[in-house]
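Novice: Contents are compact mmCIF, C-alpha atoms and all ligand atoms; file name work.txt:
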# COMPACT_ATOMS: atom_id res chain seq x y z
CA MET A 17 2.51 0.05 -4.37
CA SER A 18 2.61 0.22 -0.57
CA HIS A 19 3.31 3.49 1.13
CA PHE A 20 4.86 1.70 4.13
CA SER A 21 8.35 0.54 3.20
CA TYR A 22 11.86 0.01 4.56
CA GLN A 23 14.33 2.71 3.68
CA ASP A 24 17.89 2.04 4.91
CA GLY A 25 16.59 -0.70 7.17
CA VAL A 26 14.00 1.54 8.87
CA LEU A 27 10.25 1.24 8.31
CA HIS A 28 8.77 4.46 6.92
CA ALA A 29 5.28 5.77 6.35
CA GLU A 30 5.70 7.59 3.04
CA SER A 31 8.94 9.51 3.69
CA VAL A 32 8.68 9.66 7.48
CA PRO A 33 10.65 7.14 9.60
CA LEU A 34 8.37 5.52 12.19
CA PRO A 35 10.91 5.99 15.04
CA ALA A 36 10.52 9.76 14.60
CA ILE A 37 6.77 9.39 15.11
CA ALA A 38 7.28 7.28 18.23
CA ARG A 39 9.69 9.88 19.63
CA GLN A 40 7.23 12.71 19.04
CA PHE A 41 3.93 11.06 19.96
CA GLY A 42 4.85 7.98 22.01
CA SER A 43 3.34 4.55 21.55
CA PRO A 44 1.06 2.78 20.91
CA THR A 45 0.12 5.00 18.00
CA TYR A 46 -1.85 4.40 14.84
CA VAL A 47 -0.03 5.79 11.80
CA TYR A 48 -1.91 6.33 8.54
CA SER A 49 -0.67 7.17 5.04
CA LYS A 50 -2.69 9.75 3.14
CA ALA A 51 -1.24 8.61 -0.20
CA GLN A 52 -2.34 5.03 0.47
CA LEU A 53 -5.82 6.20 1.46
CA LEU A 54 -6.18 8.18 -1.76
CA GLN A 55 -4.79 5.34 -3.88
CA ASN A 56 -7.38 2.92 -2.47
CA PHE A 57 -10.30 5.31 -2.74
CA ARG A 58 -9.39 6.19 -6.31
CA GLY A 59 -9.33 2.46 -7.08
CA TYR A 60 -13.12 2.71 -6.73
CA ALA A 61 -13.62 6.27 -7.90
CA LYS A 62 -11.62 6.17 -11.16
CA PRO A 63 -13.55 3.40 -12.92
CA SER A 64 -16.76 5.06 -11.62
CA GLN A 65 -15.96 8.38 -13.28
CA GLY A 66 -18.50 9.59 -15.79
CA ARG A 67 -21.00 7.01 -14.59
CA ASP A 68 -23.98 7.21 -12.31
CA ALA A 69 -22.12 5.72 -9.35
CA LEU A 70 -21.30 6.58 -5.75
CA VAL A 71 -18.70 5.19 -3.35
CA CYS A 72 -20.15 5.28 0.15
CA TYR A 73 -17.21 4.56 2.42
CA ALA A 74 -18.25 2.25 5.31
CA MET A 75 -16.91 4.48 8.03
CA LYS A 76 -17.19 1.87 10.77
CA ALA A 77 -13.80 0.69 9.48
CA ASN A 78 -12.13 3.96 10.48
CA SER A 79 -14.09 7.06 11.35
CA ASN A 80 -11.42 9.60 12.28
CA LEU A 81 -12.55 13.05 11.09
CA ALA A 82 -9.33 13.59 9.15
CA ILE A 83 -9.90 10.40 7.17
CA LEU A 84 -13.54 11.33 6.51
CA ASP A 85 -12.58 14.84 5.45
CA ILE A 86 -10.03 13.57 2.91
CA LEU A 87 -12.55 11.13 1.46
CA ALA A 88 -15.37 13.71 1.42
CA ARG A 89 -13.13 16.03 -0.61
CA GLU A 90 -12.61 13.18 -3.06
CA GLY A 91 -16.37 13.01 -3.52
CA ALA A 92 -17.09 10.05 -1.25
CA GLY A 93 -20.43 9.34 0.29
CA PHE A 94 -20.65 7.41 3.54
CA ASP A 95 -22.28 4.24 4.79
CA ILE A 96 -23.25 4.82 8.42
CA VAL A 97 -24.71 2.60 11.13
CA SER A 98 -25.60 5.10 13.84
CA GLY A 99 -26.68 8.66 14.48
CA GLY A 100 -23.22 9.22 15.94
CA GLU A 101 -21.62 8.32 12.62
CA LEU A 102 -23.93 10.78 10.83
CA LEU A 103 -22.81 13.54 13.19
CA ARG A 104 -19.20 12.61 12.42
CA VAL A 105 -19.83 12.90 8.67
CA ILE A 106 -21.31 16.35 9.14
CA ALA A 107 -18.50 17.41 11.50
CA ALA A 108 -15.99 16.35 8.84
CA GLY A 109 -17.74 18.40 6.16
CA GLY A 110 -19.31 15.40 4.42
CA ASP A 111 -22.57 15.70 2.49
CA PRO A 112 -25.56 14.06 4.25
CA GLY A 113 -27.15 13.81 0.80
CA LYS A 114 -24.55 11.12 0.03
CA VAL A 115 -25.16 9.11 3.20
CA ILE A 116 -26.79 5.72 3.37
CA PHE A 117 -27.88 4.40 6.74
CA SER A 118 -27.42 0.66 7.36
CA GLY A 119 -28.05 -1.44 10.47
CA VAL A 120 -30.76 -3.63 12.00
CA GLY A 121 -31.70 -1.44 14.98
CA LYS A 122 -32.19 2.19 13.98
CA THR A 123 -33.83 4.09 16.83
CA VAL A 124 -36.60 6.68 16.44
CA ALA A 125 -34.14 9.43 17.41
CA GLU A 126 -31.65 8.26 14.78
CA ILE A 127 -34.32 8.14 12.08
CA GLU A 128 -35.46 11.67 13.00
CA LEU A 129 -31.89 12.96 12.81
CA ALA A 130 -31.30 11.28 9.44
CA LEU A 131 -34.54 12.68 8.00
CA GLU A 132 -33.77 16.17 9.29
CA LYS A 133 -30.30 16.05 7.74
CA GLY A 134 -31.67 14.73 4.46
CA ILE A 135 -29.71 11.49 3.92
CA LEU A 136 -29.70 9.70 0.58
CA CYS A 137 -31.31 6.50 1.77
CA PHE A 138 -32.17 4.17 4.63
CA ASN A 139 -30.99 0.61 4.03
CA VAL A 140 -33.89 -1.15 5.72
CA GLU A 141 -33.49 -4.59 7.24
CA SER A 142 -37.01 -5.63 8.38
CA ILE A 143 -40.75 -4.93 8.06
CA PRO A 144 -41.03 -3.41 11.58
CA GLU A 145 -38.24 -1.03 10.61
CA LEU A 146 -40.16 0.01 7.46
CA HIS A 147 -43.14 0.87 9.65
CA ARG A 148 -41.04 2.79 12.11
CA ILE A 149 -39.41 4.88 9.38
CA ASN A 150 -42.81 5.48 7.76
CA ASP A 151 -44.28 6.65 11.08
CA VAL A 152 -41.42 9.01 11.86
CA ALA A 153 -41.45 10.46 8.34
CA GLY A 154 -45.22 11.00 8.55
CA ARG A 155 -44.90 12.77 11.88
CA LEU A 156 -42.17 15.05 10.51
CA GLY A 157 -44.10 15.72 7.29
CA LYS A 158 -41.32 14.17 5.21
CA ARG A 159 -40.86 11.31 2.79
CA ALA A 160 -38.19 8.76 3.61
CA PRO A 161 -36.09 7.23 0.81
CA VAL A 162 -35.67 3.51 1.46
CA SER A 163 -33.81 0.55 0.05
CA LEU A 164 -34.22 -3.04 1.22
CA ARG A 165 -31.23 -5.01 2.30
CA VAL A 166 -31.80 -8.33 0.63
CA ASN A 167 -30.09 -11.51 1.72
CA PRO A 168 -29.03 -13.22 -1.45
CA ASN A 169 -28.02 -16.35 0.48
CA VAL A 170 -24.62 -16.51 -1.15
CA ASP A 171 -21.77 -18.10 0.77
CA PRO A 172 -18.99 -15.50 1.01
CA LYS A 173 -16.44 -18.11 2.23
CA THR A 174 -15.09 -15.93 5.00
CA HIS A 175 -14.89 -16.03 8.82
CA PRO A 176 -18.36 -16.85 10.26
CA TYR A 177 -18.33 -13.71 12.43
CA ILE A 178 -18.10 -11.50 9.35
CA ALA A 179 -20.38 -13.47 6.99
CA THR A 180 -23.64 -11.61 6.90
CA GLY A 181 -25.66 -12.65 3.84
CA LEU A 182 -26.58 -16.21 4.81
CA LYS A 183 -30.06 -17.38 5.78
CA ALA A 184 -29.14 -17.73 9.44
CA SER A 185 -27.86 -14.15 9.63
CA LYS A 186 -29.61 -11.41 11.64
CA PHE A 187 -29.18 -9.05 8.69
CA GLY A 188 -31.46 -8.19 5.83
CA VAL A 189 -34.64 -9.62 4.36
CA ALA A 190 -34.63 -13.19 3.00
CA PHE A 191 -34.49 -13.33 -0.79
CA SER A 192 -37.73 -15.34 -0.84
CA ASP A 193 -39.54 -12.63 1.21
CA ALA A 194 -38.11 -9.70 -0.70
CA LEU A 195 -40.93 -9.25 -3.23
CA ASP A 196 -43.63 -9.18 -0.56
CA THR A 197 -41.57 -6.83 1.57
CA TYR A 198 -41.15 -4.45 -1.38
CA ARG A 199 -44.92 -4.54 -1.94
CA SER A 200 -45.49 -3.63 1.72
CA ALA A 201 -42.96 -0.83 1.48
CA ALA A 202 -44.51 0.57 -1.69
CA ALA A 203 -47.89 0.69 0.07
CA LEU A 204 -46.66 2.84 2.94
CA PRO A 205 -47.56 6.49 2.41
CA HIS A 206 -44.44 8.24 3.67
CA LEU A 207 -41.80 6.09 2.00
CA ASP A 208 -40.11 6.41 -1.38
CA VAL A 209 -38.87 3.00 -2.42
CA VAL A 210 -35.70 3.90 -4.27
CA GLY A 211 -33.18 1.09 -4.07
CA ILE A 212 -31.94 -2.35 -3.25
CA ASP A 213 -28.83 -3.31 -1.31
CA CYS A 214 -26.95 -6.25 0.11
CA HIS A 215 -23.81 -6.95 2.06
CA ILE A 216 -22.80 -10.58 2.19
CA GLY A 217 -19.69 -10.41 4.34
CA SER A 218 -16.25 -8.99 4.78
CA GLN A 219 -12.67 -9.86 3.80
CA LEU A 220 -13.71 -11.64 0.60
CA LEU A 221 -10.57 -12.41 -1.41
CA ASP A 222 -12.48 -13.61 -4.44
CA ASP A 223 -15.18 -11.44 -6.01
CA ALA A 224 -17.19 -14.38 -7.39
CA PRO A 225 -19.64 -14.38 -4.41
CA LEU A 226 -20.02 -10.59 -4.70
CA LEU A 227 -20.87 -10.89 -8.40
CA GLU A 228 -23.24 -13.78 -7.70
CA ALA A 229 -25.04 -11.58 -5.17
CA LEU A 230 -25.17 -8.78 -7.75
CA ASP A 231 -26.85 -11.13 -10.24
CA LYS A 232 -29.51 -11.96 -7.67
CA LEU A 233 -30.20 -8.29 -7.00
CA ILE A 234 -30.50 -7.63 -10.73
CA GLU A 235 -32.98 -10.50 -11.03
CA LEU A 236 -35.08 -8.91 -8.30
CA ILE A 237 -34.92 -5.44 -9.86
CA ASP A 238 -36.39 -6.93 -13.07
CA THR A 239 -39.16 -8.68 -11.15
CA LEU A 240 -40.00 -5.48 -9.30
CA ALA A 241 -39.99 -3.43 -12.51
CA ALA A 242 -42.51 -5.84 -13.99
CA GLU A 243 -44.76 -4.99 -11.01
CA GLY A 244 -44.32 -1.28 -11.52
CA ILE A 245 -41.83 -0.80 -8.66
CA LEU A 246 -38.94 0.99 -10.37
CA LEU A 247 -35.75 1.27 -8.40
CA HIS A 248 -33.19 4.02 -8.91
CA HIS A 249 -30.17 2.53 -7.25
CA LEU A 250 -28.39 -0.73 -6.81
CA ASP A 251 -26.07 -0.95 -3.81
CA VAL A 252 -23.65 -3.88 -4.00
CA GLY A 253 -22.41 -3.50 -0.41
CA GLY A 254 -18.81 -3.74 0.74
CA GLY A 255 -16.71 -6.75 1.55
CA LEU A 256 -13.71 -6.75 -0.75
CA GLY A 257 -10.77 -8.27 1.13
CA ILE A 258 -7.19 -7.10 1.51
CA ASP A 259 -3.80 -8.75 1.77
CA TYR A 260 -2.92 -9.25 5.45
CA GLY A 261 0.32 -10.95 4.48
CA THR A 262 -0.94 -14.43 5.39
CA GLY A 263 0.41 -15.88 2.16
CA ASP A 264 -3.10 -16.91 1.02
CA ASN A 265 -4.37 -16.02 -2.40
CA ALA A 266 -4.02 -12.35 -3.22
CA PRO A 267 -7.29 -10.43 -3.08
CA VAL A 268 -8.91 -9.22 -6.27
CA ALA A 269 -7.66 -5.73 -7.17
CA ILE A 270 -10.22 -3.02 -6.44
CA GLY A 271 -10.25 -1.71 -10.03
CA ASP A 272 -10.80 -5.21 -11.47
CA TYR A 273 -13.74 -5.85 -9.18
CA VAL A 274 -15.33 -2.48 -9.91
CA SER A 275 -14.93 -2.98 -13.66
CA ARG A 276 -16.55 -6.40 -13.43
CA VAL A 277 -19.51 -4.91 -11.56
CA PHE A 278 -19.98 -2.26 -14.24
CA ALA A 279 -19.60 -4.84 -17.03
CA ARG A 280 -22.46 -6.88 -15.56
CA VAL A 281 -24.64 -3.88 -14.94
CA ASP A 282 -24.03 -2.57 -18.48
CA ALA A 283 -24.81 -5.94 -20.07
CA TRP A 284 -28.03 -6.25 -18.09
CA ARG A 285 -29.15 -2.70 -18.83
CA ALA A 286 -28.47 -3.07 -22.54
CA GLU A 287 -30.56 -6.21 -22.60
CA LYS A 288 -33.39 -5.47 -20.18
CA TYR A 289 -33.24 -2.15 -18.44
CA GLU A 290 -32.38 0.30 -21.17
CA GLY A 291 -33.25 3.91 -20.63
CA LYS A 292 -34.01 3.50 -16.93
CA PRO A 293 -31.59 5.35 -14.67
CA ILE A 294 -29.86 3.27 -12.02
CA LYS A 295 -27.09 4.45 -9.77
CA VAL A 296 -24.52 1.88 -8.66
CA ILE A 297 -23.40 2.27 -5.04
CA PHE A 298 -20.40 0.62 -3.36
CA GLU A 299 -19.97 0.38 0.43
CA PRO A 300 -16.30 -0.50 0.92
CA GLY A 301 -14.64 -0.15 4.30
CA ARG A 302 -11.62 -2.39 4.82
CA SER A 303 -10.33 -2.14 1.24
CA ILE A 304 -10.12 1.65 1.59
CA VAL A 305 -8.42 1.97 4.97
CA GLY A 306 -6.96 -1.45 5.89
CA ASN A 307 -3.49 -1.09 4.40
CA THR A 308 -3.59 2.66 5.06
CA GLY A 309 -2.57 2.20 8.69
CA VAL A 310 -0.16 0.45 11.04
CA LEU A 311 -0.20 0.18 14.80
CA LEU A 312 3.14 1.30 16.15
CA MET A 313 4.12 -0.23 19.50
CA SER A 314 7.19 -0.78 21.59
CA VAL A 315 8.61 -3.82 23.33
CA GLU A 316 8.46 -3.58 27.13
CA PHE A 317 9.86 -6.95 28.20
CA LEU A 318 10.96 -10.27 26.82
CA LYS A 319 9.72 -13.13 28.96
CA PRO A 320 11.12 -16.55 28.09
CA GLY A 321 9.01 -19.50 29.19
CA GLU A 322 9.13 -23.28 29.18
CA GLU A 323 6.61 -23.69 26.41
CA LYS A 324 6.35 -20.19 25.00
CA ASN A 325 8.40 -17.05 24.84
CA PHE A 326 6.49 -13.86 25.32
CA CYS A 327 7.24 -10.49 23.84
CA VAL A 328 5.30 -8.04 26.02
CA VAL A 329 4.42 -4.85 24.13
CA ASP A 330 2.69 -1.63 25.11
CA ALA A 331 -0.25 -2.18 22.73
CA ALA A 332 -3.01 -4.58 23.73
CA MET A 333 -6.34 -6.09 22.76
CA ASN A 334 -8.03 -2.84 23.74
CA ASP A 335 -6.05 -1.12 20.96
CA MET A 336 -6.43 -3.86 18.34
CA ALA A 337 -9.18 -6.38 19.06
CA ARG A 338 -9.07 -8.37 15.80
CA PRO A 339 -6.68 -11.15 16.93
CA ALA A 340 -8.53 -11.73 20.23
CA LEU A 341 -11.96 -11.44 18.61
CA TYR A 342 -11.52 -13.31 15.33
CA GLN A 343 -8.16 -15.06 15.77
CA ALA A 344 -7.13 -12.72 12.97
CA TRP A 345 -3.54 -13.06 11.78
CA MET A 346 -1.93 -9.64 11.57
CA ASP A 347 1.59 -9.18 10.28
CA VAL A 348 4.15 -7.75 12.72
CA LYS A 349 7.34 -6.16 11.47
CA PRO A 350 10.34 -4.75 13.32
CA VAL A 351 10.55 -1.01 12.71
CA GLN A 352 14.35 -1.19 12.73
CA GLN A 353 15.84 -4.40 11.45
CA ARG A 354 18.53 -5.67 13.84
CA GLU A 355 21.12 -8.43 13.75
CA GLY A 356 20.88 -11.14 16.38
CA ALA A 357 19.18 -14.38 17.27
CA VAL A 358 15.69 -14.89 15.97
CA VAL A 359 13.35 -16.27 18.63
CA LYS A 360 9.77 -17.43 18.34
CA TYR A 361 7.48 -15.21 20.42
CA ASP A 362 3.85 -14.69 21.26
CA LEU A 363 3.22 -10.97 21.15
CA VAL A 364 1.07 -10.04 24.15
CA GLY A 365 -0.18 -6.87 25.78
CA PRO A 366 -0.39 -5.82 29.43
CA ILE A 367 -4.12 -6.53 29.85
CA CYS A 368 -5.13 -9.07 32.49
CA GLU A 369 -6.67 -11.65 30.16
CA SER A 370 -5.16 -14.68 28.48
CA GLY A 371 -7.02 -13.53 25.37
CA ASP A 372 -4.85 -10.43 25.25
CA TRP A 373 -2.58 -11.41 22.41
CA LEU A 374 -1.75 -9.66 19.18
CA ALA A 375 0.24 -12.31 17.33
CA ARG A 376 1.40 -15.87 17.97
CA ASP A 377 4.52 -17.83 17.11
CA ARG A 378 6.35 -15.03 15.33
CA GLU A 379 10.04 -15.25 14.65
CA LEU A 380 11.58 -11.98 15.69
CA ALA A 381 14.99 -10.59 16.62
CA VAL A 382 13.98 -8.01 19.24
CA GLU A 383 15.19 -6.34 22.41
CA PRO A 384 13.24 -4.33 25.00
CA GLY A 385 12.73 -0.79 23.75
CA ASP A 386 12.50 -1.85 20.10
CA LEU A 387 9.60 -0.63 18.02
CA LEU A 388 7.28 -3.00 16.18
CA ALA A 389 4.58 -2.24 13.63
CA MET A 390 1.41 -4.23 13.28
CA MET A 391 0.77 -3.92 9.56
CA THR A 392 -2.56 -3.50 7.78
CA GLY A 393 -4.18 -2.16 10.93
CA GLY A 394 -6.06 0.80 9.46
CA ALA A 395 -9.46 -0.93 9.31
CA TYR A 396 -11.40 -2.01 12.39
CA GLY A 397 -8.41 -1.08 14.54
CA PHE A 398 -8.95 2.22 16.29
CA THR A 399 -12.74 2.10 15.76
CA MET A 400 -12.95 -1.12 17.76
CA ALA A 401 -10.61 0.05 20.50
CA SER A 402 -11.88 0.21 24.08
CA ASN A 403 -10.78 1.63 27.41
CA TYR A 404 -10.57 -1.77 29.10
CA ASN A 405 -8.22 -1.67 32.10
CA THR A 406 -8.60 2.13 32.04
CA ARG A 407 -6.20 2.36 29.17
CA GLY A 408 -6.46 5.54 27.15
CA ARG A 409 -6.93 4.92 23.46
CA ALA A 410 -3.87 5.30 21.24
CA ALA A 411 -2.90 8.48 19.42
CA GLU A 412 -3.61 8.65 15.68
CA VAL A 413 -1.24 10.28 13.25
CA LEU A 414 -1.60 10.95 9.52
CA VAL A 415 1.48 11.12 7.31
CA ASP A 416 1.36 13.12 4.10
CA GLY A 417 4.68 12.97 2.24
CA ASP A 418 7.21 14.25 4.78
CA LYS A 419 4.58 15.89 6.98
CA VAL A 420 3.15 14.37 10.14
CA HIS A 421 -0.22 15.44 11.53
CA LEU A 422 -1.61 14.40 14.89
CA ILE A 423 -5.26 13.65 14.05
CA ARG A 424 -6.27 12.36 17.48
CA ARG A 425 -4.25 12.84 20.60
CA ARG A 426 -3.73 10.06 23.08
CA GLU A 427 -6.46 9.82 25.74
CA GLU A 428 -5.42 10.75 29.27
CA PRO A 429 -6.50 8.45 32.14
CA ALA A 430 -8.40 11.27 33.91
CA GLU A 431 -10.56 11.71 30.80
CA LEU A 432 -11.64 8.11 31.05
CA PHE A 433 -13.46 8.59 34.35
CA ALA A 434 -14.44 12.23 33.90
CA LEU A 435 -18.07 11.30 33.18
CA GLU A 436 -18.44 9.24 36.35
CA SER A 437 -19.47 10.34 39.83
CA VAL A 438 -19.44 8.76 43.24
CA VAL A 439 -22.68 8.48 45.22
CA LYS A 440 -22.57 10.72 48.30
N1 LIG A 501 -21.73 -2.36 4.47
C1 LIG A 501 -22.28 -2.96 5.53
C2 LIG A 501 -23.73 -2.99 5.67
C3 LIG A 501 -21.46 -3.57 6.49
O1 LIG A 501 -22.01 -4.17 7.54
C4 LIG A 501 -20.05 -3.52 6.35
C5 LIG A 501 -19.17 -4.14 7.34
C6 LIG A 501 -19.53 -2.86 5.23
C7 LIG A 501 -20.39 -2.30 4.31
C8 LIG A 501 -18.05 -2.75 4.98
O2 LIG A 501 -17.47 -3.98 4.79
P1 LIG A 501 -15.94 -4.10 4.36
O3 LIG A 501 -15.78 -3.48 3.01
O4 LIG A 501 -15.15 -3.38 5.39
O5 LIG A 501 -15.67 -5.55 4.37
N2 LIG A 501 -14.75 -5.95 12.47
C9 LIG A 501 -14.61 -6.96 11.43
C10 LIG A 501 -15.35 -6.58 10.16
C11 LIG A 501 -16.81 -6.28 10.38
C12 LIG A 501 -17.51 -5.84 9.13
C13 LIG A 501 -18.85 -5.28 9.47
N3 LIG A 501 -19.58 -4.79 8.35
C14 LIG A 501 -13.13 -7.18 11.18
O6 LIG A 501 -12.32 -6.54 11.83
O7 LIG A 501 -12.77 -8.02 10.36
Would you mind writing the file out in structure tokens?
Specialist:
Amino acid sequence: MSHFSYQDGVLHAESVPLPAIARQFGSPTYVYSKAQLLQNFRGYAKPSQGRDALVCYAMKANSNLAILDILAREGAGFDIVSGGELLRVIAAGGDPGKVIFSGVGKTVAEIELALEKGILCFNVESIPELHRINDVAGRLGKRAPVSLRVNPNVDPKTHPYIATGLKASKFGVAFSDALDTYRSAAALPHLDVVGIDCHIGSQLLDDAPLLEALDKLIELIDTLAAEGILLHHLDVGGGLGIDYGTGDNAPVAIGDYVSRVFARVDAWRAEKYEGKPIKVIFEPGRSIVGNTGVLLMSVEFLKPGEEKNFCVVDAAMNDMARPALYQAWMDVKPVQQREGAVVKYDLVGPICESGDWLARDRELAVEPGDLLAMMTGGAYGFTMASNYNTRGRAAEVLVDGDKVHLIRRREEPAELFALESVVK
């Protein structure tokens, strides 16, 4: 069930009408539903209960401290890609011992920080990175837990910008090089080789490619075990897609996917890996926060044109980059349904770029001053926002039942240039 719904013709987040939020906090504003966040997280956590499993939320999707805090209290770990994200986890009260560190370009300073804080594992993407982590760990007198991100070369059938497990991708170690890379890792004195991971892409509606990738990882774990390299965890990555309202096939339900992963792991362990502990790790981002948030905006002007009619709103590509960046189709709903002529509009923002559009060819009955909601905007929305055109980033609000919490206030223009100085 969705926690954003029309009640008496007005779009609500849980039991709060969105116009009340716009009146109190202005627009554009990201509005999140706590109930939806919990429902999604528990989709992973419930079938994992009583098992050796960990859900490491990929916080790049939405890293607001309030979101992290709620998930940390639910027992989540975190998948991070920078030292900054690690500091966020700690600031939100998350446990560094449940953090895995992904990314192709970890700096020495980031590795030092992660070792000092005692993270669960580095997801390593190359041989030079193995050496760098080994050197830093040696210098600090520590041992670094590592996993190798293996490229299973499975086609995820998603947008090329978010497909990451193919041969031509900058990510991970090629499947054919994995064995040798594990041998090199095992020979380094300051590393503990503990796991294997992959991430083949994002917004996958079907879980068949994810399960195919899992099979390839399992195959490699067996090969490594035969060589005496025993792994303790198997990280299947993130990537499960969500319903953006495009009318395509519905995505696989979280619980179904998780159960299928466990079924495969159980069957394999019973047959070949009995008695050896192996933790299963998930790295979901979008499927936890995507439908947890909407971007609330208001209509500034209607601008009819010869070929196109434009609906100019107060949100822009700096607030939500996905349409401009990936031609992503995001659903736009009127917050208050009104009678009147339906007109086909392109929804555009005030930024001085033709690429500044949020939606195209949408049939809407709107008037200036109306509120619109861009649905399913909780993932890769605020985290990808910028200050282009010296626009302060939107406010963020969390709804919990009938309560509304401001979890990030709107940025003021003066804050945007506060770090700059003129040369005298
Ligand atoms: N793990 C790793 C190593 C990743 O790189 C990602 C996402 C995830 C997990 C989480 O994937 P998810 O469950 O969210 O699909 N900005 C793009 C998506 C970029 C995904 C980057 N990596 C978008 O807005 O569609």
Novice: May I ask which of the residues A:Asn307, A:Ser185, A:Thr239, A:Asn139 is the closest one to ligand LIG 501 (chain A), counting only C-alpha atoms and all ligand atoms?
Specialist: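 Comparing A:Asn307, A:Ser185, A:Thr239, A:Asn139 against ligand LIG 501 (chain A), the winner is A:Asn139.
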Novice: Got a sec to check which residues lie within 7 Å of ligand LIG 501 (chain A), using all atoms listed in the file, and send them as a list in words?
Specialist: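 Listing the residues within 7 Å of ligand LIG 501 (chain A) gives Ala74, Ala77, Asp95, Ser118, Gly119, Ile178, His215, Gly217, Ser218, Gln219, Gly253, Gly254, Gly255, Leu256, Gly257, Glu299, Pro300, Gly301, Arg302, Ser303, Arg338, Ala395 and Tyr396 of chain A.
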Novice: Wanna dump the region 392-434 of chain A-region 311-334 of chain A contacts at 10 Å for me, each residue with its shortest atom pair and the distance in Å to one decimal, counting only C-alpha atoms, ordered by chain and number, as a tab-separated table?
Specialist:
residue	atom	partner	partner_atom	distance
A:Thr392	CA	A:Leu311	CA	8.3
A:Gly393	CA	A:Leu311	CA	6.0
A:Gly394	CA	A:Leu311	CA	8.0
A:Gly397	CA	A:Leu311	CA	8.3
A:Phe398	CA	A:Asn334	CA	9.1
A:Met400	CA	A:Asn334	CA	7.9
A:Ala401	CA	A:Asn334	CA	5.1
A:Ser402	CA	A:Asn334	CA	4.9
A:Asn403	CA	A:Asn334	CA	6.4
A:Tyr404	CA	A:Asn334	CA	6.0
A:Asn405	CA	A:Asn334	CA	8.4
A:Thr406	CA	A:Asn334	CA	9.7
A:Arg407	CA	A:Asn334	CA	7.7
A:Gly408	CA	A:Asn334	CA	9.2
A:Arg409	CA	A:Asn334	CA	7.8
A:Ala410	CA	A:Ala331	CA	8.4
A:Ala411	CA	A:Leu311	CA	9.9
A:Glu412	CA	A:Leu311	CA	9.2
Novice: Within 9 Å of Thr262 (chain A), counting all atoms listed in the file, which residues show up once you throw out same-chain ones fewer than 4 positions away? Write them as a ChimeraX atom specification, please.
Specialist: /A:345-347
Novice: Identify which of the residues A:Lys133, A:Arg104, A:Arg354, A:Lys173 lies closest to Asp85 (chain A), counting only C-alpha atoms when measuring atom-to-atom distances.
Specialist: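 Looking at the shortest contact to Asp85 (chain A), the residue is A:Arg104.
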Novice: Under the rule that only C-alpha atoms are counted, which of A:Gly188, A:Gly306, A:Gly91, A:Gly271 is the nearest residue to Ala69 (chain A)?
Specialist: A:Gly91
Novice: Under the rule that all atoms listed in the file are counted, which of A:Pro35, A:Gly371, A:Gly99, A:Pro429 is the nearest residue to Glu126 (chain A)?
Specialist: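 Nearest to Glu126 (chain A): A:Gly99.
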Novice: CA of Asp231 (chain A) and CA of Val281 (chain A), how far apart in Å?
Specialist: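 The value is 8.9 Å.
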Novice: In Å, how far is it from CA of Thr197 (chain A) to CA of Pro293 (chain A)?
Specialist: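 Atom-to-atom, CA of Thr197 (chain A) to CA of Pro293 (chain A), that is 22.6 Å.
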Novice: Which residues are near region 49-61 of chain A? Cut-off 7 Å, all atoms listed in the file, ignore same chain within fewer than 5 positions. Put them as a list in words.
Specialist: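 After dropping sequence-adjacent residues, the list is Ser18, His19, Ala29, Glu30, Val71, Ile270, Gly271, Val274, Ser303, Ile304, Val305, Thr308, Gly309, Leu414, Val415 and Asp416 of chain A.
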